[in-house]
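See structure below.
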Amino acid sequence: MSMDPKHVPTICVIGGSAAGMTAAIFAARSGARVILIEGNDRLGRKIYATGNGKCNFFNRDQDPGHFHTSKDPSWIIDVLKSQKDDFVLDFFRELGLMSTMKHGGYYYPVNESASAVVACLEEELQRLQVETILSDRMRTLTYEKDAFHVLLRSGRIYQADAVILAMGGSASPKLGSDGSGYYYARNFGHTIVEPLPALCPLKLENEGTDFSMWSGVRFGDARITLSVDDIPVASERGEILLTAYGVSGIPVFQVSGQAARSLAQKRKVSITIDAAPDMNGRDAQNAFSEWSAYAGHRKLQEQLCRIFPQKAVDAFYHFADREMKMSSLDCASFAKAFDRFKHMTFIVKDTMGFDQAQVSSGGVDLSEVSSETMESKLRPGLYFAGELLDVYGDCGGYNLQFAFTGGALAGQSAAMAWKGRERG
Ligand SMILES: Cc1cc2nc3c(=O)[nH]c(=O)nc-3n(C[C@H](O)[C@H](O)[C@H](O)COP(=O)(O)OP(=O)(O)OC[C@H]3O[C@@H](n4cnc5c(N)ncnc54)[C@H](O)[C@@H]3O)c2cc1C
């Protein structure tokens, strides 16, 4: 490669989604010639699917506990702090995106359309004259004679001073991320922490329970507690959906990464659903005393259906006393019946896999990547960004935030490092 001070570095970015588009923008803004290579026939295909098409791209709650890795979590904080506070909001505001905050902290485009986010990024790529190659995937990546050589399936070859791998993980492979990024990272000597599905539904054991009976039940506000080897390790609250295979819904997604990792370690994983998290046994007994005057003629099952979805009562409460009249029950027996809906415990058999996962946990080992630059510590000039790394966030905009922020850092660093090397 030329060491002419006027030499404009060429940077190839592989993967044209959240991390890759942002990396390309920041590399180009820093003066590099940028080639962005995307296997799909359009950029940002996964972004269109985010937030049910509305794209939840940031969250006001910046507690670092929302980000997860198997290594040192301070690595993630370093990356997030590399840009100024509210970087993601400012970046998109400058690109003309108006946003709205919902549910106490979740940011979406004001028109609630993910295409607005993609359009802003595409326009900026065009303005910066980033060369974008679509419908062509990288086939081989080598480093020889001071340059990276990127060979595409079509046979096209590019030579680059730096390469940014932003190819995502293994989640939702139909949207383009088929896990091939791990292969290229491994070829340069990187360790891959076993990728596992995260933010996904869970499959439950169905011994003795006919899940087809409960399929379609929706607990509007329930609590799920995940236990590993019978010890509670995580708890989340919100809408929980029961399905023919198990459970789904945001609270389930939030605990699924931990469930998957524990299952991979062959540990016993179970969940307990509390369908009435705001009521305890005493509340049930008090309510029973108030109702008994008017509801004595009702069967227990009918009374339970006034508290919980009928389908749930049919599926879970097949005990002999369900037919008993409320008037013939005492307070304690009603509380016992009620209590069954606070402690519905099931063994977790598996997750629903990468096809239904929103993200992958695991990925490129963070100890081999600089948190200051996103550059590989093993192969100078090679950079990583986004979900390909061993980082994932909770539902709530954290995954896109990490992809955008880390993408920006990788793009800036790749372009600036070249300038530094020229001087050296
Ligand atoms: C259904 C769904 C909903 C989600 N909702 C949200 C949400 O609301 N908020 C949030 O923060 N996160 C959400 N996520 C997660 C978020 O979308 C991802 O974490 C984020 O897109 C990761 O960005 P990335 O650029 O690292 O990888 P990806 O978005 O996975 O992009 C990787 C790109 O690389 C390309 N590629 C891969 N291999 C090659 C190759 N060899 N050559 C060329 N190109 C290649 C792929 O085609 C793909 O376009 C959701 C995910 C899904 C699936």
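Naming works like this for the structure tokens: A, B, ... for the chains as they're shown, residue 1 at the start of each chain, ligands 1 onward in shown order.
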Item to check | All residues having an atom within 7 Å of ligand 1 (only C-alpha atoms and all ligand atoms) as an NGL selection string | outcome: :A and (14-20 or 37-40 or 43-47 or 49-52 or 55-58 or 136-139 or 166-169 or 171-172 or 175-178 or 180-181 or 357-359 or 385-388 or 395-401 or 403)
Next on the checklist: Need to verify the contact set: Phe319 in chain A, 12 Å, only C-alpha atoms, exclusion of same-chain residues closer than 5 positions in sequence. Can you return it as an MDAnalysis selection string?
Outcome noted: chainID A and resid 300:301 313:314 324 336:337 340
Got time to write the residues from that selection, C-alpha atoms, as an mmCIF file, in the first residue's frame?
```cif
data_model
loop_
_atom_site.group_PDB
_atom_site.id
_atom_site.type_symbol
_atom_site.label_atom_id
_atom_site.label_comp_id
_atom_site.auth_asym_id
_atom_site.auth_seq_id
_atom_site.Cartn_x
_atom_site.Cartn_y
_atom_site.Cartn_z
ATOM 1 C CA LEU A 300 -64.741 -21.782 42.133
ATOM 2 C CA GLN A 301 -63.748 -22.129 38.484
ATOM 3 C CA VAL A 313 -58.093 -21.534 34.278
ATOM 4 C CA ASP A 314 -59.178 -24.389 31.972
ATOM 5 C CA MET A 324 -67.398 -26.485 44.149
ATOM 6 C CA LYS A 336 -54.769 -21.963 47.887
ATOM 7 C CA ALA A 337 -56.573 -22.137 44.536
ATOM 8 C CA ARG A 340 -51.602 -21.825 42.013
#
```
Item to check | Who sits within 10 Å of Asp330 in chain A, only C-alpha atoms, same chain under 2 positions skipped, as an NGL selection string | outcome: :A and (285 or 288-289 or 292 or 326-328 or 332-335)
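Take the candidates A:Leu125, A:Leu204, A:Ile273, A:Leu263 and check each one against Ser235 in chain A using only C-alpha atoms; the shortest distance goes to A:Ile273.
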Do you have, as JSON lines, the list of residues of range 249-313 of chain A lying at most 10 Å from range 222-227 of chain A, each with its nearest atom pair and that distance in Å to one decimal, counting only C-alpha atoms and ordered by chain then number?
```
{"residue": "A:Pro251", "atom": "CA", "partner": "A:Ile224", "partner_atom": "CA", "distance": 6.7}
{"residue": "A:Val252", "atom": "CA", "partner": "A:Ile224", "partner_atom": "CA", "distance": 7.0}
{"residue": "A:Gln254", "atom": "CA", "partner": "A:Ile224", "partner_atom": "CA", "distance": 9.8}
{"residue": "A:Val255", "atom": "CA", "partner": "A:Leu226", "partner_atom": "CA", "distance": 6.7}
{"residue": "A:Ser256", "atom": "CA", "partner": "A:Leu226", "partner_atom": "CA", "distance": 8.7}
{"residue": "A:Gln258", "atom": "CA", "partner": "A:Leu226", "partner_atom": "CA", "distance": 8.5}
{"residue": "A:Ala259", "atom": "CA", "partner": "A:Leu226", "partner_atom": "CA", "distance": 7.4}
{"residue": "A:Ser262", "atom": "CA", "partner": "A:Ser227", "partner_atom": "CA", "distance": 9.7}
{"residue": "A:Lys268", "atom": "CA", "partner": "A:Ser227", "partner_atom": "CA", "distance": 8.1}
{"residue": "A:Val269", "atom": "CA", "partner": "A:Ser227", "partner_atom": "CA", "distance": 5.8}
{"residue": "A:Ser270", "atom": "CA", "partner": "A:Ser227", "partner_atom": "CA", "distance": 5.2}
{"residue": "A:Ile271", "atom": "CA", "partner": "A:Leu226", "partner_atom": "CA", "distance": 4.6}
{"residue": "A:Thr272", "atom": "CA", "partner": "A:Thr225", "partner_atom": "CA", "distance": 5.2}
{"residue": "A:Ile273", "atom": "CA", "partner": "A:Ile224", "partner_atom": "CA", "distance": 4.6}
{"residue": "A:Asp274", "atom": "CA", "partner": "A:Arg223", "partner_atom": "CA", "distance": 5.0}
{"residue": "A:Ala275", "atom": "CA", "partner": "A:Ala222", "partner_atom": "CA", "distance": 4.6}
{"residue": "A:Ala276", "atom": "CA", "partner": "A:Ala222", "partner_atom": "CA", "distance": 6.1}
{"residue": "A:Pro277", "atom": "CA", "partner": "A:Ala222", "partner_atom": "CA", "distance": 6.0}
{"residue": "A:Asp278", "atom": "CA", "partner": "A:Ala222", "partner_atom": "CA", "distance": 9.0}
```
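Restricting the calculation to only C-alpha atoms, the smallest distance between Lys102 in chain A and any of A:Gln356, A:Arg60, A:Gln265, A:Val247 is found for A:Arg60.
Across the structure, CA of Thr100 in chain A and CA of Ile76 in chain A are spaced 25.8 Å apart.
A straight line drawn from CA of Gln129 in chain A to CA of Leu152 in chain A is 20.7 Å long.
Within range 349-409 of chain A, residues classed as strand (DSSP E) by DSSP on backbone coordinates are Lys349, Asp350, Thr351, Val359, Ser360, Ser361, Gly362, Gly363, Val364, Leu382, Tyr383, Phe384, Tyr392 and Gly393 of chain A.
Residue nearest Gln310 in chain A, chosen from A:His66, A:Arg93, A:His103, A:Arg218 and counting only C-alpha atoms: A:Arg218.
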Item to check | Of the listed residues A:Val217, A:Leu199, A:Cys12, A:Leu366, that which approaches Ala32 in chain A most closely, counting only C-alpha atoms | outcome: A:Cys12
